Amino acid sequence: MSKNKERLLSLIALVVLAFAINFAEKNLDNYTLRILNLGAIYTTLGVSLNLIFGFTGQFSLGHAGFMAIGAYTTSLFIMPPMYKEMSFIIEPLIWPLSVIQLPFVVALLLGGVLAAVAAIIIGLPVLRLRGDYLGIATLGFAEIIRVVSNNIPQVTNGALGLKGIPGYSNLWWTVGFAVLTIFVIKRLIASSYGRALMAIRENEIAAEAMGVNLTYHKVMSFTVSAFFAGIGGGLLASLLTTIDPRAFMFVMTFNVLIVVVIGGLGSITGTVMAAFLFNFFLEYLRPLEQGFNIGPLAFPEIPGLRMVTFSLLLLIVIIFKQDGLLGEIEFTWKGFFSFFDRFRSAEGGKM
Amino acid sequence: MSLDIFLQNIVNGLSLGSLYALIAIGYTMVYGILRLINFAHGEIFMLGTYFLYYGVLIFHLPWWLSFIVAIVLTAITGMLTERIAYRPLRKAPKISILISAIGVSFFLQNAGIVIFSGVPKSFARPEIFDKMFILGNTRISSINLASTFISVIFLMALLYVVYETKTGLAMRSISTDMETARLMAVNVDRTISITFAIGSALAAVGGILWALKYPQIFPLMGMIPGLKAFIAAVLGGIGNIVGAMIGGFILGMAEILLVGFMPQLSGYRDAFAFIILILILLFKPDGLMGKNVQEKV
């Protein structure tokens, strides 16, 4: 299949997606929309984590920290000044922030840029570490970001968090940024940079011997990843319209990590699939907690049962499907059509 | 700061440090053998306190007996988690085992919420632990002395097991090279089970002492102490038992002294542990007592 034809097909797919979003925004109820939005945001987060972990092989557990930076930045810039005055009870917001209000997309990008700057500052010293040590150090930085943001009430409203953030996030924004993330990271991986990143993943020493600048490529991958994590954080804050500082504990990173590993490390298609499955399961297991009847048996309301079931499902998947759902398989138009060809020839065989 | 308060802080630091040390050992032993960060260890710590709570309050066992029962039950839980969630994945990619550990951690936390309810329970400690020793102007609570003392006894016992018994020899051989150990007729599966049992038992001791010191228990209580103890393990050089003990004491002492000397920074207490961790990782990446292993090409 020629490159042009593939491009055309991708373009058609995008148009179909746009129609689907338009349909969904008009016809679906808020609850379903919320789940779809979360799925799209987790796609952004998961694909960005997949870049540093799946493709570069650097075990980063710092995603929650970058999300926090993005979430706070975006929220502070989109909240109307009047709201800010009302919600900052402990200490008033410091001066320039208290009067500025920016359009959503600018605030989101600003959040991403700040997260990226933080990633450069953190990444330069820390990315020398390897394996688990890197994971622990990045986890530490994420926790430090969280604790610091808890302790500067004049900027973040401290432990109270932020409320009344304008809910601009809708499927156009969330899916739009998910598509943008996938596009940028796919292009990055297909470039010479991407080959360098995968060389680092396979063998650092060999990559260095072949002339790959380790620090430069690792920090770059880490920064791009953090940029999209920041945007994901901003989208999430605007979707939920509140920021609870406790939300950015390391559990948040674990959620994204679960999405990436269950989808298959190094498979963007897998991450997208897992991101939506993750949120669908989390939500549709909710009735478990509200009490239910199976025939004559009445089950009472049990809080926590949802997460128990969810963690059991997670354990079962990881024990029986150790490389994740898709392994390293990636969606391509070629694979898509050959799948149908096989289907057709199988039917033809029957006749 | 007067000398009295300083002494008091030292005792507090020792007592907190000894608890971190007890929990850190579970992390370091498992990491030494399986190269796995056992994220479920904090939940094992939590279970230990609940076993004691139910032993005393529901089954009306005497304190010393429910102490033993709780330790044994926690050790069995630890072995079960290894058997069910880690052993099937031993040949899988490392990250899969890590996700499995996170899954176990989520499961135990939420099973805790389902079974014990999410409402914190207050822990009525025996009166003996409410006593205060007064030394000049220094007031030392008996629980701080007792927890330090009990921890040190268990730590000594552990050192004996690891360095003087055949099981300990088997553990050390597996952590050096699992395949060679297997060829030398070491029963790898059994030894790993024992490792989990010992680590979990010590976590239970740590948990119980923690609950006696801060008498309130809830299903998510293991998260932060677990993470801190893990930092202690990395601080001392992960995989190294003596290192984990030293790391635990350093971390406990440093935290208490930070709050003692600079109370205005107490909000940053949780971040402080991580700052120490990152400094250590940057300047001595293998921890204080860790061996520097060069990667072979």
# chains A, B, ... in the order shown; residues from 1 in each chain; ligands from 1

call {"tool": "closest_atom_pairs", "arguments": {"of": "chain A", "to": "chain B", "cutoff": "9 Å", "atoms": "only C-alpha atoms", "output": "Markdown table"}}
result
| residue | atom | partner | partner_atom | distance |
| --- | --- | --- | --- | --- |
| A:Pro125 | CA | B:Leu282 | CA | 7.3 |
| A:Val126 | CA | B:Leu282 | CA | 7.1 |
| A:Arg128 | CA | B:Leu282 | CA | 8.4 |
| A:Leu129 | CA | B:Pro285 | CA | 7.4 |
| A:Asp132 | CA | B:Ile37 | CA | 8.1 |
| A:Tyr133 | CA | B:Leu281 | CA | 7.5 |
| A:Leu134 | CA | B:Leu281 | CA | 8.8 |
| A:Ile136 | CA | B:Ile231 | CA | 8.3 |
| A:Ala137 | CA | B:Ile278 | CA | 5.8 |
| A:Thr138 | CA | B:Ile278 | CA | 8.8 |
| A:Leu139 | CA | B:Phe274 | CA | 8.7 |
| A:Gly140 | CA | B:Phe274 | CA | 5.1 |
| A:Phe141 | CA | B:Phe274 | CA | 7.3 |
| A:Glu143 | CA | B:Ala271 | CA | 6.6 |
| A:Ile144 | CA | B:Ala271 | CA | 4.9 |
| A:Ile145 | CA | B:Ala271 | CA | 8.4 |
| A:Arg146 | CA | B:Ala271 | CA | 8.5 |
| A:Val147 | CA | B:Ala271 | CA | 5.9 |
| A:Val148 | CA | B:Tyr268 | CA | 7.0 |
| A:Asn150 | CA | B:Gly267 | CA | 8.2 |
| A:Asn151 | CA | B:Gly267 | CA | 6.5 |
| A:Ile205 | CA | B:Val297 | CA | 7.3 |
| A:Ala206 | CA | B:Val297 | CA | 8.3 |
| A:Phe254 | CA | B:Ile102 | CA | 7.5 |
| A:Leu257 | CA | B:Ile99 | CA | 8.0 |
| A:Ile258 | CA | B:Ile99 | CA | 6.6 |
| A:Val261 | CA | B:Ser96 | CA | 7.3 |
| A:Ile262 | CA | B:Ser96 | CA | 8.7 |
| A:Ile302 | CA | B:Val114 | CA | 6.4 |
| A:Pro303 | CA | B:Val114 | CA | 6.1 |
| A:Gly304 | CA | B:Val114 | CA | 5.2 |
| A:Leu305 | CA | B:Val114 | CA | 6.2 |
| A:Arg306 | CA | B:Asn110 | CA | 8.5 |
| A:Met307 | CA | B:Asn110 | CA | 6.0 |
| A:Val308 | CA | B:Phe107 | CA | 5.2 |
| A:Thr309 | CA | B:Phe107 | CA | 8.0 |
| A:Phe310 | CA | B:Phe107 | CA | 8.1 |
| A:Ser311 | CA | B:Phe107 | CA | 5.2 |
| A:Leu312 | CA | B:Phe107 | CA | 6.7 |
| A:Leu313 | CA | B:Gly103 | CA | 8.9 |
| A:Leu314 | CA | B:Gly103 | CA | 6.3 |
| A:Leu315 | CA | B:Ser100 | CA | 5.8 |
| A:Ile316 | CA | B:Ala85 | CA | 9.0 |
| A:Ile318 | CA | B:Ser96 | CA | 6.4 |
| A:Ile319 | CA | B:Leu89 | CA | 6.4 |
| A:Phe320 | CA | B:Pro88 | CA | 8.7 |
| A:Gln322 | CA | B:Ser96 | CA | 6.1 |
| A:Asp323 | CA | B:Ser96 | CA | 7.3 |
| A:Gly324 | CA | B:Ser96 | CA | 8.3 |

call {"tool": "write_last_selection", "arguments": {"atoms": "N, CA and C atoms", "output": "compact mmCIF listing (two decimals), in the first residue's frame"}}
result
# COMPACT_ATOMS: atom_id res chain seq x y z
N PRO A 125 19.87 15.79 36.13
CA PRO A 125 20.64 14.99 37.09
C PRO A 125 20.16 13.54 37.21
N VAL A 126 18.84 13.33 37.13
CA VAL A 126 18.30 12.04 37.54
C VAL A 126 18.41 10.96 36.47
N ARG A 128 20.66 9.95 34.81
CA ARG A 128 21.87 9.14 34.84
C ARG A 128 21.61 7.81 35.53
N LEU A 129 20.61 7.81 36.41
CA LEU A 129 20.31 6.58 37.16
C LEU A 129 19.67 5.56 36.24
N ASP A 132 15.37 0.49 38.38
CA ASP A 132 14.51 0.78 39.51
C ASP A 132 14.90 2.07 40.22
N TYR A 133 16.22 2.35 40.27
CA TYR A 133 16.67 3.56 40.97
C TYR A 133 16.08 4.80 40.32
N LEU A 134 16.02 4.79 38.99
CA LEU A 134 15.42 5.92 38.28
C LEU A 134 13.94 6.04 38.65
N ILE A 136 12.47 5.12 41.38
CA ILE A 136 12.30 5.63 42.74
C ILE A 136 12.58 7.12 42.79
N ALA A 137 13.64 7.56 42.08
CA ALA A 137 14.00 8.98 42.13
C ALA A 137 12.90 9.83 41.50
N THR A 138 12.33 9.37 40.36
CA THR A 138 11.28 10.16 39.73
C THR A 138 10.02 10.15 40.59
N LEU A 139 9.75 9.00 41.21
CA LEU A 139 8.62 8.93 42.15
C LEU A 139 8.82 9.95 43.26
N GLY A 140 10.07 10.03 43.76
CA GLY A 140 10.40 10.99 44.80
C GLY A 140 10.13 12.41 44.36
N PHE A 141 10.54 12.74 43.13
CA PHE A 141 10.32 14.10 42.64
C PHE A 141 8.84 14.40 42.53
N GLU A 143 6.48 13.18 44.34
CA GLU A 143 5.97 13.40 45.69
C GLU A 143 6.40 14.77 46.21
N ILE A 144 7.65 15.17 45.88
CA ILE A 144 8.12 16.48 46.33
C ILE A 144 7.26 17.58 45.71
N ILE A 145 6.97 17.45 44.41
CA ILE A 145 6.11 18.43 43.74
C ILE A 145 4.77 18.52 44.46
N ARG A 146 4.23 17.34 44.82
CA ARG A 146 2.92 17.31 45.48
C ARG A 146 2.99 17.99 46.85
N VAL A 147 4.00 17.64 47.64
CA VAL A 147 4.10 18.20 48.99
C VAL A 147 4.33 19.70 48.92
N VAL A 148 5.19 20.13 47.99
CA VAL A 148 5.45 21.57 47.87
C VAL A 148 4.16 22.29 47.48
N ASN A 150 1.29 21.50 48.15
CA ASN A 150 0.41 21.49 49.32
C ASN A 150 0.78 22.59 50.31
N ASN A 151 2.02 23.06 50.20
CA ASN A 151 2.54 23.97 51.22
C ASN A 151 2.72 25.40 50.74
N ILE A 205 24.78 0.82 26.51
CA ILE A 205 26.22 0.90 26.24
C ILE A 205 26.47 0.80 24.73
N ALA A 206 25.74 -0.14 24.09
CA ALA A 206 25.90 -0.28 22.64
C ALA A 206 25.46 0.99 21.93
N PHE A 254 0.50 5.21 39.19
CA PHE A 254 0.26 3.77 39.05
C PHE A 254 -0.87 3.52 38.06
N LEU A 257 0.49 3.89 34.70
CA LEU A 257 1.41 2.78 34.46
C LEU A 257 0.64 1.50 34.14
N ILE A 258 -0.47 1.28 34.87
CA ILE A 258 -1.29 0.10 34.62
C ILE A 258 -1.82 0.13 33.19
N VAL A 261 1.10 -0.75 30.81
CA VAL A 261 1.59 -2.13 30.85
C VAL A 261 0.51 -3.10 30.40
N ILE A 262 -0.74 -2.85 30.79
CA ILE A 262 -1.82 -3.74 30.36
C ILE A 262 -2.00 -3.66 28.84
N ILE A 302 -21.91 -2.54 49.57
CA ILE A 302 -20.59 -2.74 50.16
C ILE A 302 -19.59 -1.77 49.55
N PRO A 303 -19.19 -0.72 50.25
CA PRO A 303 -18.19 0.19 49.68
C PRO A 303 -16.85 -0.53 49.54
N GLY A 304 -16.14 -0.26 48.43
CA GLY A 304 -14.83 -0.86 48.23
C GLY A 304 -14.86 -2.07 47.34
N LEU A 305 -16.04 -2.67 47.15
CA LEU A 305 -16.12 -3.90 46.37
C LEU A 305 -15.71 -3.67 44.92
N ARG A 306 -15.99 -2.47 44.42
CA ARG A 306 -15.65 -2.16 43.05
C ARG A 306 -14.14 -2.29 42.83
N MET A 307 -13.36 -1.66 43.71
CA MET A 307 -11.92 -1.68 43.53
C MET A 307 -11.35 -3.08 43.79
N VAL A 308 -12.00 -3.85 44.68
CA VAL A 308 -11.54 -5.21 44.91
C VAL A 308 -11.66 -6.01 43.62
N THR A 309 -12.84 -5.92 42.99
CA THR A 309 -13.06 -6.63 41.74
C THR A 309 -12.08 -6.15 40.68
N PHE A 310 -11.91 -4.81 40.65
CA PHE A 310 -11.02 -4.25 39.64
C PHE A 310 -9.60 -4.75 39.82
N SER A 311 -9.11 -4.77 41.05
CA SER A 311 -7.72 -5.20 41.24
C SER A 311 -7.58 -6.69 40.95
N LEU A 312 -8.64 -7.47 41.23
CA LEU A 312 -8.58 -8.89 40.87
C LEU A 312 -8.49 -9.06 39.36
N LEU A 313 -9.32 -8.28 38.62
CA LEU A 313 -9.26 -8.34 37.15
C LEU A 313 -7.86 -8.00 36.66
N LEU A 314 -7.29 -6.94 37.26
CA LEU A 314 -5.95 -6.51 36.89
C LEU A 314 -4.94 -7.64 37.11
N LEU A 315 -5.05 -8.30 38.27
CA LEU A 315 -4.11 -9.39 38.58
C LEU A 315 -4.27 -10.53 37.58
N ILE A 316 -5.53 -10.86 37.27
CA ILE A 316 -5.77 -11.96 36.34
C ILE A 316 -5.17 -11.64 34.98
N ILE A 318 -2.70 -9.59 34.24
CA ILE A 318 -1.24 -9.53 34.21
C ILE A 318 -0.63 -10.91 34.42
N ILE A 319 -1.32 -11.79 35.17
CA ILE A 319 -0.76 -13.13 35.38
C ILE A 319 -0.90 -13.97 34.12
N PHE A 320 -2.03 -13.83 33.40
CA PHE A 320 -2.23 -14.71 32.24
C PHE A 320 -1.80 -14.07 30.93
N GLN A 322 1.16 -11.84 30.18
CA GLN A 322 2.27 -11.15 30.83
C GLN A 322 2.84 -9.99 30.03
N ASP A 323 2.67 -9.99 28.70
CA ASP A 323 3.19 -8.89 27.91
C ASP A 323 2.13 -7.83 27.65
N GLY A 324 1.03 -7.86 28.36
CA GLY A 324 -0.04 -6.92 28.11
C GLY A 324 -0.94 -7.44 27.01

call {"tool": "select_by_dssp", "arguments": {"residues": "range 77-279 of chain B", "states": "alpha helix (DSSP H)", "output": "VMD selection string"}}
result
chain B and resid 77 to 81 94 to 116 142 to 164 166 to 176 178 to 183 188 to 213 223 to 236 241 to 261 269 to 279

call {"tool": "atom_distance", "arguments": {"atom1": "CA of Gln154 in chain A", "atom2": "CA of Glu91 in chain A"}}
result
5.3 Å

call {"tool": "atom_distance", "arguments": {"atom1": "CA of Lys121 in chain B", "atom2": "CA of Thr74 in chain B"}}
result
18.9 Å

call {"tool": "residues_around", "arguments": {"residues": "range 27-32 of chain A", "least_positions_apart": "3", "cutoff": "12 Å", "atoms": "only C-alpha atoms", "output": "list in words"}}
result
Ala20, Ile21, Asn22, Phe23, Ala24, Ile35, Leu36, Asn37, Leu38, Gly39, Asn170, Leu171, Leu239, Phe276, Asn279, Phe280, Glu283 and Tyr284 of chain A

call {"tool": "select_by_dssp", "arguments": {"residues": "range 62-139 of chain B", "states": "strand (DSSP E or B)", "output": "list in words"}}
result
Lys121, Ser122, Met132, Phe133, Ile134, Leu135, Thr138 and Arg139 of chain B
